[in-house]
file model.txt (compact mmCIF, C-alpha atoms)
# COMPACT_ATOMS: atom_id res chain seq x y z
CA MET A 1 -16.27 17.18 -15.95
CA SER A 2 -15.89 17.66 -19.68
CA PRO A 3 -18.86 17.01 -21.98
CA GLN A 4 -19.29 13.35 -22.87
CA THR A 5 -21.72 10.79 -24.14
CA THR A 6 -23.49 9.35 -21.11
CA SER A 7 -23.52 5.61 -21.55
CA PHE A 8 -25.67 4.71 -18.55
CA LYS A 9 -28.90 6.38 -17.48
CA SER A 10 -29.57 4.44 -14.26
CA LEU A 11 -27.98 1.97 -11.87
CA GLU A 12 -30.21 -0.74 -13.33
CA ASP A 13 -28.99 0.11 -16.83
CA LEU A 14 -25.42 -0.26 -15.59
CA ARG A 15 -26.21 -3.44 -13.67
CA ALA A 16 -27.69 -5.02 -16.80
CA ALA A 17 -24.48 -4.28 -18.71
CA CYS A 18 -22.43 -5.89 -15.92
CA LEU A 19 -24.50 -9.06 -16.14
CA ASP A 20 -24.24 -9.38 -19.93
CA LEU A 21 -20.56 -10.04 -20.59
CA PRO A 22 -18.86 -11.78 -23.54
CA VAL A 23 -16.79 -14.86 -22.73
CA GLY A 24 -14.04 -14.34 -25.27
CA SER A 25 -13.02 -16.74 -28.03
CA ASP A 26 -12.51 -20.35 -26.98
CA ALA A 27 -11.36 -21.10 -30.51
CA ALA A 28 -8.61 -18.49 -30.46
CA ALA A 29 -7.44 -19.44 -26.97
CA GLY A 30 -7.35 -23.09 -28.00
CA ALA A 31 -5.39 -22.33 -31.15
CA VAL A 32 -2.81 -20.38 -29.14
CA ALA A 33 -2.46 -23.24 -26.65
CA ARG A 34 -2.02 -25.79 -29.46
CA ARG A 35 0.70 -23.69 -31.09
CA GLN A 36 2.49 -23.38 -27.74
CA ASP A 37 2.75 -27.16 -27.64
CA THR A 38 4.57 -27.22 -31.00
CA LEU A 39 7.27 -24.68 -30.09
CA THR A 40 10.88 -25.58 -29.34
CA LYS A 41 10.60 -25.93 -25.57
CA PRO A 42 9.37 -28.50 -23.08
CA PRO A 43 5.59 -28.21 -22.70
CA GLY A 44 4.65 -25.54 -20.20
CA SER A 45 8.25 -24.48 -19.64
CA LEU A 46 7.50 -20.78 -20.23
CA GLY A 47 4.99 -20.85 -17.40
CA ARG A 48 2.69 -17.86 -17.27
CA LEU A 49 4.07 -16.50 -20.54
CA GLU A 50 2.18 -19.33 -22.24
CA THR A 51 -1.09 -18.67 -20.45
CA ILE A 52 -0.70 -14.93 -21.09
CA ALA A 53 -0.47 -15.62 -24.81
CA ALA A 54 -3.68 -17.67 -24.65
CA TRP A 55 -5.35 -14.92 -22.57
CA LEU A 56 -4.45 -12.36 -25.23
CA GLY A 57 -5.80 -14.63 -27.93
CA ARG A 58 -9.08 -15.23 -26.09
CA TRP A 59 -9.88 -11.58 -25.52
CA GLN A 60 -8.58 -10.27 -28.84
CA GLY A 61 -10.22 -13.17 -30.71
CA ARG A 62 -7.00 -13.81 -32.63
CA ASP A 63 -4.91 -16.98 -33.07
CA MET A 64 -1.94 -14.62 -33.44
CA PRO A 65 -2.56 -11.76 -31.02
CA LYS A 66 -0.99 -8.35 -31.53
CA LEU A 67 0.07 -5.39 -29.40
CA ASP A 68 0.15 -2.57 -31.91
CA ALA A 69 -2.26 -0.31 -30.00
CA VAL A 70 -1.49 -0.27 -26.27
CA LYS A 71 -2.84 2.55 -24.13
CA VAL A 72 -2.47 3.63 -20.51
CA PHE A 73 -5.41 5.51 -19.03
CA VAL A 74 -4.84 7.49 -15.84
CA PHE A 75 -8.06 8.80 -14.31
CA ALA A 76 -7.75 11.59 -11.74
CA GLY A 77 -10.21 12.66 -9.05
CA ASN A 78 -10.38 14.47 -5.73
CA HIS A 79 -11.99 13.29 -2.51
CA GLY A 80 -14.02 15.05 0.15
CA VAL A 81 -12.95 12.51 2.77
CA THR A 82 -9.52 14.18 2.85
CA ALA A 83 -11.20 16.63 5.27
CA GLN A 84 -10.82 13.84 7.84
CA GLY A 85 -7.01 14.06 7.68
CA VAL A 86 -6.53 10.76 5.84
CA SER A 87 -3.68 11.83 3.53
CA ALA A 88 -0.15 13.12 4.03
CA TYR A 89 -0.61 15.47 1.05
CA PRO A 90 -3.17 18.22 0.31
CA SER A 91 -5.80 17.74 -2.41
CA GLU A 92 -4.22 20.36 -4.70
CA VAL A 93 -1.44 17.86 -5.40
CA THR A 94 -3.87 15.97 -7.65
CA ILE A 95 -4.14 18.96 -9.99
CA GLN A 96 -0.40 19.58 -9.79
CA MET A 97 0.36 15.99 -10.70
CA VAL A 98 -2.02 16.08 -13.67
CA ALA A 99 0.03 19.05 -14.89
CA ASN A 100 3.18 17.01 -14.30
CA PHE A 101 1.76 14.21 -16.45
CA ALA A 102 1.06 16.73 -19.19
CA GLY A 103 4.65 17.98 -18.95
CA GLY A 104 6.10 14.47 -19.17
CA GLY A 105 7.70 14.57 -15.73
CA ALA A 106 6.03 11.72 -13.89
CA ALA A 107 7.06 8.08 -13.54
CA ILE A 108 4.18 6.95 -15.73
CA ASN A 109 5.43 9.11 -18.62
CA GLN A 110 8.75 7.26 -18.61
CA LEU A 111 7.23 3.81 -18.14
CA ALA A 112 4.65 4.31 -20.89
CA ARG A 113 7.36 5.37 -23.31
CA ILE A 114 9.51 2.33 -22.53
CA ALA A 115 6.48 0.05 -22.88
CA GLY A 116 5.50 1.49 -26.25
CA ALA A 117 2.17 2.64 -24.86
CA LYS A 118 0.23 5.84 -25.44
CA LEU A 119 -0.69 7.73 -22.26
CA ASP A 120 -4.10 9.34 -21.82
CA VAL A 121 -4.74 11.29 -18.61
CA ILE A 122 -8.40 12.02 -17.88
CA PRO A 123 -9.12 14.49 -15.04
CA LEU A 124 -12.60 14.22 -13.56
CA ASP A 125 -13.98 17.48 -12.15
CA LEU A 126 -10.92 18.08 -9.98
CA GLU A 127 -12.13 21.46 -8.75
CA HIS A 128 -15.10 19.75 -7.08
CA PRO A 129 -14.13 16.90 -4.75
CA THR A 130 -16.58 14.11 -4.07
CA GLY A 131 -18.64 14.26 -0.91
CA ASP A 132 -17.06 13.36 2.42
CA PHE A 133 -18.43 9.84 2.75
CA THR A 134 -18.37 10.04 6.54
CA GLN A 135 -21.22 12.56 6.21
CA ILE A 136 -22.88 12.05 2.79
CA PRO A 137 -22.48 9.73 -0.19
CA ALA A 138 -19.27 10.36 -2.12
CA MET A 139 -21.44 10.54 -5.26
CA ASP A 140 -25.14 10.56 -5.87
CA GLU A 141 -26.44 8.24 -8.57
CA GLN A 142 -26.07 10.69 -11.44
CA ALA A 143 -22.53 11.75 -10.47
CA PHE A 144 -21.51 8.11 -10.16
CA LEU A 145 -23.02 7.19 -13.52
CA ALA A 146 -21.35 10.18 -15.18
CA ALA A 147 -17.95 9.07 -13.89
CA VAL A 148 -18.56 5.45 -14.89
CA SER A 149 -19.59 6.66 -18.34
CA ALA A 150 -16.46 8.79 -18.69
CA GLY A 151 -14.36 5.69 -18.21
CA TYR A 152 -16.59 3.52 -20.37
CA ASP A 153 -16.51 5.95 -23.28
CA ALA A 154 -12.71 6.19 -23.18
CA VAL A 155 -12.10 2.57 -24.22
CA THR A 156 -12.52 1.83 -27.92
CA LYS A 157 -12.62 -1.44 -29.86
CA ASP A 158 -9.43 -0.70 -31.79
CA LEU A 159 -7.17 -1.12 -28.72
CA ASP A 160 -5.14 -4.31 -28.28
CA LEU A 161 -4.35 -3.90 -24.57
CA VAL A 162 -5.16 -1.29 -21.94
CA CYS A 163 -3.63 -0.37 -18.59
CA PHE A 164 -5.62 1.48 -15.96
CA GLY A 165 -4.18 3.74 -13.28
CA GLU A 166 -5.28 6.61 -11.07
CA MET A 167 -4.24 9.83 -9.42
CA GLY A 168 -6.20 11.16 -6.47
CA ILE A 169 -4.96 12.38 -3.12
CA GLY A 170 -6.72 10.41 -0.40
CA ASN A 171 -7.96 7.64 -2.66
CA THR A 172 -6.55 4.70 -0.71
CA THR A 173 -9.23 5.52 1.88
CA PRO A 174 -12.14 4.96 -0.56
CA ALA A 175 -10.31 1.86 -1.86
CA ALA A 176 -10.07 0.42 1.65
CA ALA A 177 -13.69 1.37 2.36
CA ILE A 178 -14.92 -0.42 -0.77
CA SER A 179 -12.80 -3.48 0.04
CA THR A 180 -14.18 -3.60 3.59
CA ALA A 181 -17.74 -3.21 2.37
CA LEU A 182 -17.38 -5.95 -0.26
CA PHE A 183 -15.33 -8.51 1.65
CA GLY A 184 -15.75 -7.72 5.35
CA GLY A 185 -13.19 -8.23 8.09
CA GLY A 186 -13.18 -4.70 9.46
CA ALA A 187 -11.51 -1.52 8.29
CA GLU A 188 -8.15 -2.18 9.97
CA LYS A 189 -7.64 -5.27 7.79
CA TRP A 190 -7.80 -3.23 4.58
CA THR A 191 -6.31 0.11 5.60
CA GLY A 192 -2.69 1.10 4.93
CA ARG A 193 -0.54 4.19 5.01
CA GLY A 194 -1.21 5.34 1.45
CA THR A 195 1.01 8.32 0.68
CA GLY A 196 2.81 7.80 4.00
CA VAL A 197 0.58 8.87 6.88
CA ASP A 198 1.88 8.42 10.42
CA ASP A 199 0.21 6.26 13.06
CA ALA A 200 -2.30 8.97 13.92
CA GLY A 201 -3.14 9.43 10.26
CA LEU A 202 -3.61 5.68 9.86
CA GLN A 203 -6.03 5.66 12.76
CA ARG A 204 -7.94 8.59 11.23
CA LYS A 205 -8.32 6.55 8.05
CA VAL A 206 -9.73 3.59 9.99
CA VAL A 207 -12.14 5.84 11.89
CA ALA A 208 -13.29 7.54 8.68
CA ILE A 209 -13.92 4.21 6.95
CA GLU A 210 -15.86 2.85 9.90
CA ALA A 211 -17.94 6.04 9.97
CA GLY A 212 -18.62 5.71 6.26
CA LEU A 213 -19.70 2.10 6.57
CA LYS A 214 -22.06 3.00 9.39
CA ARG A 215 -23.44 6.04 7.56
CA HIS A 216 -24.15 4.04 4.38
CA ALA A 217 -25.17 0.73 5.95
CA ASP A 218 -28.31 0.59 3.78
CA SER A 219 -26.18 0.51 0.61
CA LEU A 220 -23.76 -2.24 1.59
CA SER A 221 -25.71 -5.11 0.00
CA ASP A 222 -25.29 -3.64 -3.51
CA PRO A 223 -21.81 -3.45 -5.10
CA LEU A 224 -22.82 -0.50 -7.30
CA LYS A 225 -24.24 1.48 -4.39
CA ILE A 226 -21.08 0.73 -2.42
CA ALA A 227 -18.97 2.15 -5.27
CA ALA A 228 -21.09 5.29 -5.39
CA ALA A 229 -21.36 5.92 -1.65
CA LEU A 230 -17.76 5.13 -0.68
CA GLY A 231 -15.72 5.52 -3.87
CA GLY A 232 -14.53 8.36 -6.06
CA ARG A 233 -14.82 9.58 -9.60
CA GLU A 234 -11.53 8.05 -10.73
CA LEU A 235 -12.48 4.69 -9.21
CA ALA A 236 -15.88 4.83 -10.90
CA ALA A 237 -14.20 5.68 -14.22
CA ILE A 238 -11.84 2.70 -13.88
CA PHE A 239 -14.87 0.50 -13.22
CA GLY A 240 -16.54 1.84 -16.35
CA ALA A 241 -13.41 1.48 -18.44
CA THR A 242 -12.93 -2.11 -17.30
CA LEU A 243 -16.53 -2.90 -18.19
CA ALA A 244 -16.10 -1.29 -21.61
CA ALA A 245 -12.93 -3.27 -22.21
CA ARG A 246 -14.77 -6.50 -21.51
CA ARG A 247 -17.66 -5.62 -23.78
CA ASN A 248 -15.21 -4.52 -26.52
CA ASN A 249 -12.99 -7.63 -26.12
CA VAL A 250 -9.93 -5.67 -25.00
CA PRO A 251 -7.63 -7.31 -22.42
CA VAL A 252 -6.76 -5.27 -19.32
CA LEU A 253 -3.77 -4.88 -17.02
CA LEU A 254 -4.78 -3.68 -13.56
CA ASP A 255 -2.50 -1.52 -11.43
CA GLY A 256 -2.41 -1.35 -7.63
CA PHE A 257 -4.76 -1.30 -4.65
CA VAL A 258 -6.96 1.60 -5.73
CA CYS A 259 -7.38 0.25 -9.26
CA THR A 260 -8.16 -3.25 -7.99
CA ALA A 261 -10.68 -1.97 -5.46
CA ALA A 262 -12.31 0.07 -8.21
CA VAL A 263 -13.05 -3.04 -10.29
CA ALA A 264 -13.85 -5.39 -7.39
CA PRO A 265 -17.60 -4.58 -7.59
CA LEU A 266 -17.65 -6.07 -11.10
CA ALA A 267 -16.38 -9.36 -9.69
CA ARG A 268 -19.18 -9.34 -7.13
CA LEU A 269 -21.78 -8.65 -9.80
CA HIS A 270 -20.58 -11.31 -12.25
CA PRO A 271 -18.64 -14.51 -11.38
CA THR A 272 -16.22 -14.03 -14.31
CA GLY A 273 -16.39 -10.25 -14.39
CA LEU A 274 -12.60 -9.86 -14.23
CA ALA A 275 -11.62 -12.78 -16.49
CA HIS A 276 -10.30 -10.34 -19.10
CA THR A 277 -7.95 -8.72 -16.58
CA ILE A 278 -4.52 -9.57 -15.20
CA ALA A 279 -3.18 -8.11 -11.97
CA ALA A 280 0.06 -6.51 -13.11
CA HIS A 281 1.63 -6.34 -9.67
CA VAL A 282 1.00 -6.49 -5.96
CA SER A 283 1.72 -3.19 -4.27
CA SER A 284 3.06 -2.65 -0.78
CA GLU A 285 -0.22 -1.01 0.28
CA ALA A 286 -1.59 -3.10 3.13
CA GLY A 287 -4.82 -4.36 1.60
CA HIS A 288 -3.73 -5.07 -1.96
CA ARG A 289 -2.40 -8.61 -1.52
CA ARG A 290 -5.52 -9.56 0.44
CA LEU A 291 -7.73 -8.07 -2.21
CA LEU A 292 -5.98 -9.90 -5.05
CA GLU A 293 -6.35 -13.14 -3.10
CA ALA A 294 -10.04 -12.48 -2.52
CA LEU A 295 -10.51 -11.88 -6.25
CA GLY A 296 -8.36 -14.83 -7.33
CA LEU A 297 -5.95 -12.61 -9.29
CA PRO A 298 -2.30 -13.71 -8.94
CA PRO A 299 0.01 -10.75 -9.62
CA LEU A 300 2.74 -10.80 -12.23
CA LEU A 301 5.20 -8.59 -10.31
CA ASP A 302 6.06 -7.92 -6.67
CA LEU A 303 8.40 -4.93 -6.58
CA GLY A 304 7.30 -3.17 -3.40
CA MET A 305 5.74 -0.33 -5.41
CA ARG A 306 2.93 1.92 -4.14
CA LEU A 307 2.97 4.87 -6.52
CA GLY A 308 -0.22 4.39 -8.49
CA GLU A 309 -0.45 6.26 -11.79
CA GLY A 310 -0.72 2.92 -13.60
CA SER A 311 3.01 2.43 -13.01
CA GLY A 312 2.89 -1.27 -12.13
CA ALA A 313 0.46 -2.03 -14.95
CA CYS A 314 2.70 -0.25 -17.44
CA LEU A 315 5.74 -2.20 -16.28
CA ALA A 316 3.87 -5.43 -16.96
CA VAL A 317 3.27 -4.45 -20.60
CA ASN A 318 6.83 -5.52 -21.28
CA ILE A 319 6.06 -8.99 -19.89
CA ILE A 320 2.99 -9.23 -22.11
CA ARG A 321 5.10 -8.20 -25.10
CA SER A 322 7.65 -10.88 -24.21
CA ALA A 323 4.93 -13.53 -24.05
CA LEU A 324 3.66 -12.45 -27.45
CA GLU A 325 7.12 -12.43 -29.04
CA CYS A 326 7.77 -15.99 -27.88
CA HIS A 327 4.39 -17.10 -29.17
CA THR A 328 4.68 -15.50 -32.58
CA LYS A 329 8.43 -15.71 -33.29
CA MET A 330 9.64 -19.00 -31.84
CA ALA A 331 10.15 -21.86 -34.25
CA SER A 332 8.23 -25.09 -34.02
CA PHE A 333 10.08 -28.38 -33.59
CA ALA A 334 9.38 -29.17 -37.24
CA GLU A 335 10.56 -25.77 -38.47
CA ALA A 336 13.78 -25.94 -36.48
CA GLY A 337 14.51 -29.58 -37.19
CA VAL A 338 14.61 -30.32 -33.45
CA SER A 339 13.61 -33.79 -32.27
CA GLU A 340 10.59 -34.04 -30.01
CA LYS A 341 10.17 -36.50 -27.17
call {"tool": "encode", "arguments": {"input": "model.txt", "output": "structure tokens"}}
result
Amino acid sequence: MSPQTTSFKSLEDLRAACLDLPVGSDAAAGAVARRQDTLTKPPGSLGRLETIAAWLGRWQGRDMPKLDAVKVFVFAGNHGVTAQGVSAYPSEVTIQMVANFAGGGAAINQLARIAGAKLDVIPLDLEHPTGDFTQIPAMDEQAFLAAVSAGYDAVTKDLDLVCFGEMGIGNTTPAAAISTALFGGGAEKWTGRGTGVDDAGLQRKVVAIEAGLKRHADSLSDPLKIAAALGGRELAAIFGATLAARRNNVPVLLDGFVCTAAVAPLARLHPTGLAHTIAAHVSSEAGHRRLLEALGLPPLLDLGMRLGEGSGACLAVNIIRSALECHTKMASFAEAGVSEK
């Protein structure tokens, strides 16, 4: 991992930050809602576009939100649990795809450009996979905190909106393991085919997750210990980045199953921990819809995607821009000379 400023020195330091979260600006959200009621449309007729505008206003603290600085962060990590045969692709694909991002050849490169978003890919010690969580914790406390801090330090106050995505061969297995640990119901409920494993591969994923839950049973009462024992560096970084966004008043678009599982511990630590986030889409990965329902996050899009990379989140930027354009550019009834009811 590249040198960085370590933001958190202990799990208790991190936990304290998760429990001390700003609530956003009621005044700005209220002002946005009041303006919506003056615009040339029946009240509420733009549906979620109206609530999105108010959401932007709340977390940016602006009556007239803006989207001048939009950034997509893709965090990349490798996983020791791939030794259990849980992925259809070898771990070296993670490094190869990071190179593809750098060369502009991935889907996220095209989607970020169309969305008017800057792309920042952050690889996390790819030459050293996390521990195989069926045998040992994926990360010890210091490795987990370092990854969380890498994500936290990436998000700055000057951003208007951020999208989070990931790249990591095998990472739907940690995502399913975290979901099972946090919400119960057994591994089969949360486990899908990821990159396209066959039936035998799917069963290996279930067996690996069950072994991990048994191995780390003593950690399952603590969302942070769950994230360390069963997760991955890119998931931990997304958790840290989402926490930083909240504390810096930056609204967040979440991507698919892995990204959502990465931030789920924050929702278990704080009842409104994900209030500054919107689920950009629901992926076709088996557990994602269930996880969004458990977290109370209705998705904006349902396109059958399961790529990762922040692709669904980046697509949703265009919806957020549309909501903002309607809010800022539509005429009021008085301005347009249109009769109200």
call {"tool": "closest_atom_pairs", "arguments": {"input": "model.txt", "of": "range 46-82 of chain A", "to": "range 315-323 of chain A", "cutoff": "9 Å", "atoms": "only C-alpha atoms", "output": "Markdown table"}}
result
| residue | atom | partner | partner_atom | distance |
| --- | --- | --- | --- | --- |
| A:Leu46 | CA | A:Ala323 | CA | 8.6 |
| A:Arg48 | CA | A:Ala323 | CA | 8.4 |
| A:Leu49 | CA | A:Ala323 | CA | 4.7 |
| A:Glu50 | CA | A:Ala323 | CA | 6.7 |
| A:Thr51 | CA | A:Ala323 | CA | 8.7 |
| A:Ile52 | CA | A:Ala323 | CA | 6.5 |
| A:Ala53 | CA | A:Ala323 | CA | 5.8 |
| A:Leu56 | CA | A:Ile320 | CA | 8.7 |
| A:Lys66 | CA | A:Arg321 | CA | 8.9 |
| A:Leu67 | CA | A:Arg321 | CA | 7.2 |
| A:Val70 | CA | A:Val317 | CA | 8.5 |
call {"tool": "closest_atom_pairs", "arguments": {"input": "model.txt", "of": "range 192-258 of chain A", "to": "range 118-124 of chain A", "cutoff": "10 Å", "atoms": "all atoms listed in the file", "output": "Markdown table"}}
result
| residue | atom | partner | partner_atom | distance |
| --- | --- | --- | --- | --- |
| A:Gly232 | CA | A:Leu124 | CA | 9.7 |
| A:Arg233 | CA | A:Leu124 | CA | 6.5 |
| A:Glu234 | CA | A:Leu124 | CA | 6.9 |
| A:Ala237 | CA | A:Leu124 | CA | 8.7 |
call {"tool": "residues_around", "arguments": {"input": "model.txt", "residues": "Gly196 in chain A", "least_positions_apart": "3", "cutoff": "12 Å", "atoms": "all atoms listed in the file", "output": "NGL selection string"}}
result
:A and (86-89 or 169-170 or 172 or 192-193 or 199-202 or 205 or 284-286 or 306-307)
call {"tool": "residues_around", "arguments": {"input": "model.txt", "residues": "Ile95 in chain A", "least_positions_apart": "5", "cutoff": "12 Å", "atoms": "all atoms listed in the file", "output": "list of chain:residue names"}}
result
A:Phe75, A:Ala76, A:Gly77, A:Asn78, A:Pro90, A:Asn100, A:Phe101, A:Ala102, A:Val121, A:Ile122, A:Pro123, A:Leu124, A:Asp125, A:Leu126, A:Glu127, A:His128, A:Pro129, A:Met167, A:Gly168, A:Ile169
call {"tool": "residues_around", "arguments": {"input": "model.txt", "residues": "Gly287 in chain A", "least_positions_apart": "2", "cutoff": "12 Å", "atoms": "only C-alpha atoms", "output": "PyMOL selection string"}}
result
chain A and resi 172-173+175-180+183+185-194+256-258+260-261+282-285+289-294+306
call {"tool": "atom_distance", "arguments": {"input": "model.txt", "atom1": "CA of Pro298 in chain A", "atom2": "CA of Thr277 in chain A"}}
result
10.7 Å
call {"tool": "atom_distance", "arguments": {"input": "model.txt", "atom1": "CA of Leu11 in chain A", "atom2": "CA of Arg215 in chain A"}}
result
20.4 Å
call {"tool": "atom_distance", "arguments": {"input": "model.txt", "atom1": "CA of Arg35 in chain A", "atom2": "CA of Ser339 in chain A"}}
result
16.4 Å
call {"tool": "residues_around", "arguments": {"input": "model.txt", "residues": "Leu220 in chain A", "least_positions_apart": "6", "cutoff": "10 Å", "atoms": "all atoms listed in the file", "output": "PyMOL selection string"}}
result
chain A and resi 178+180-182+213-214+226-227+229-230
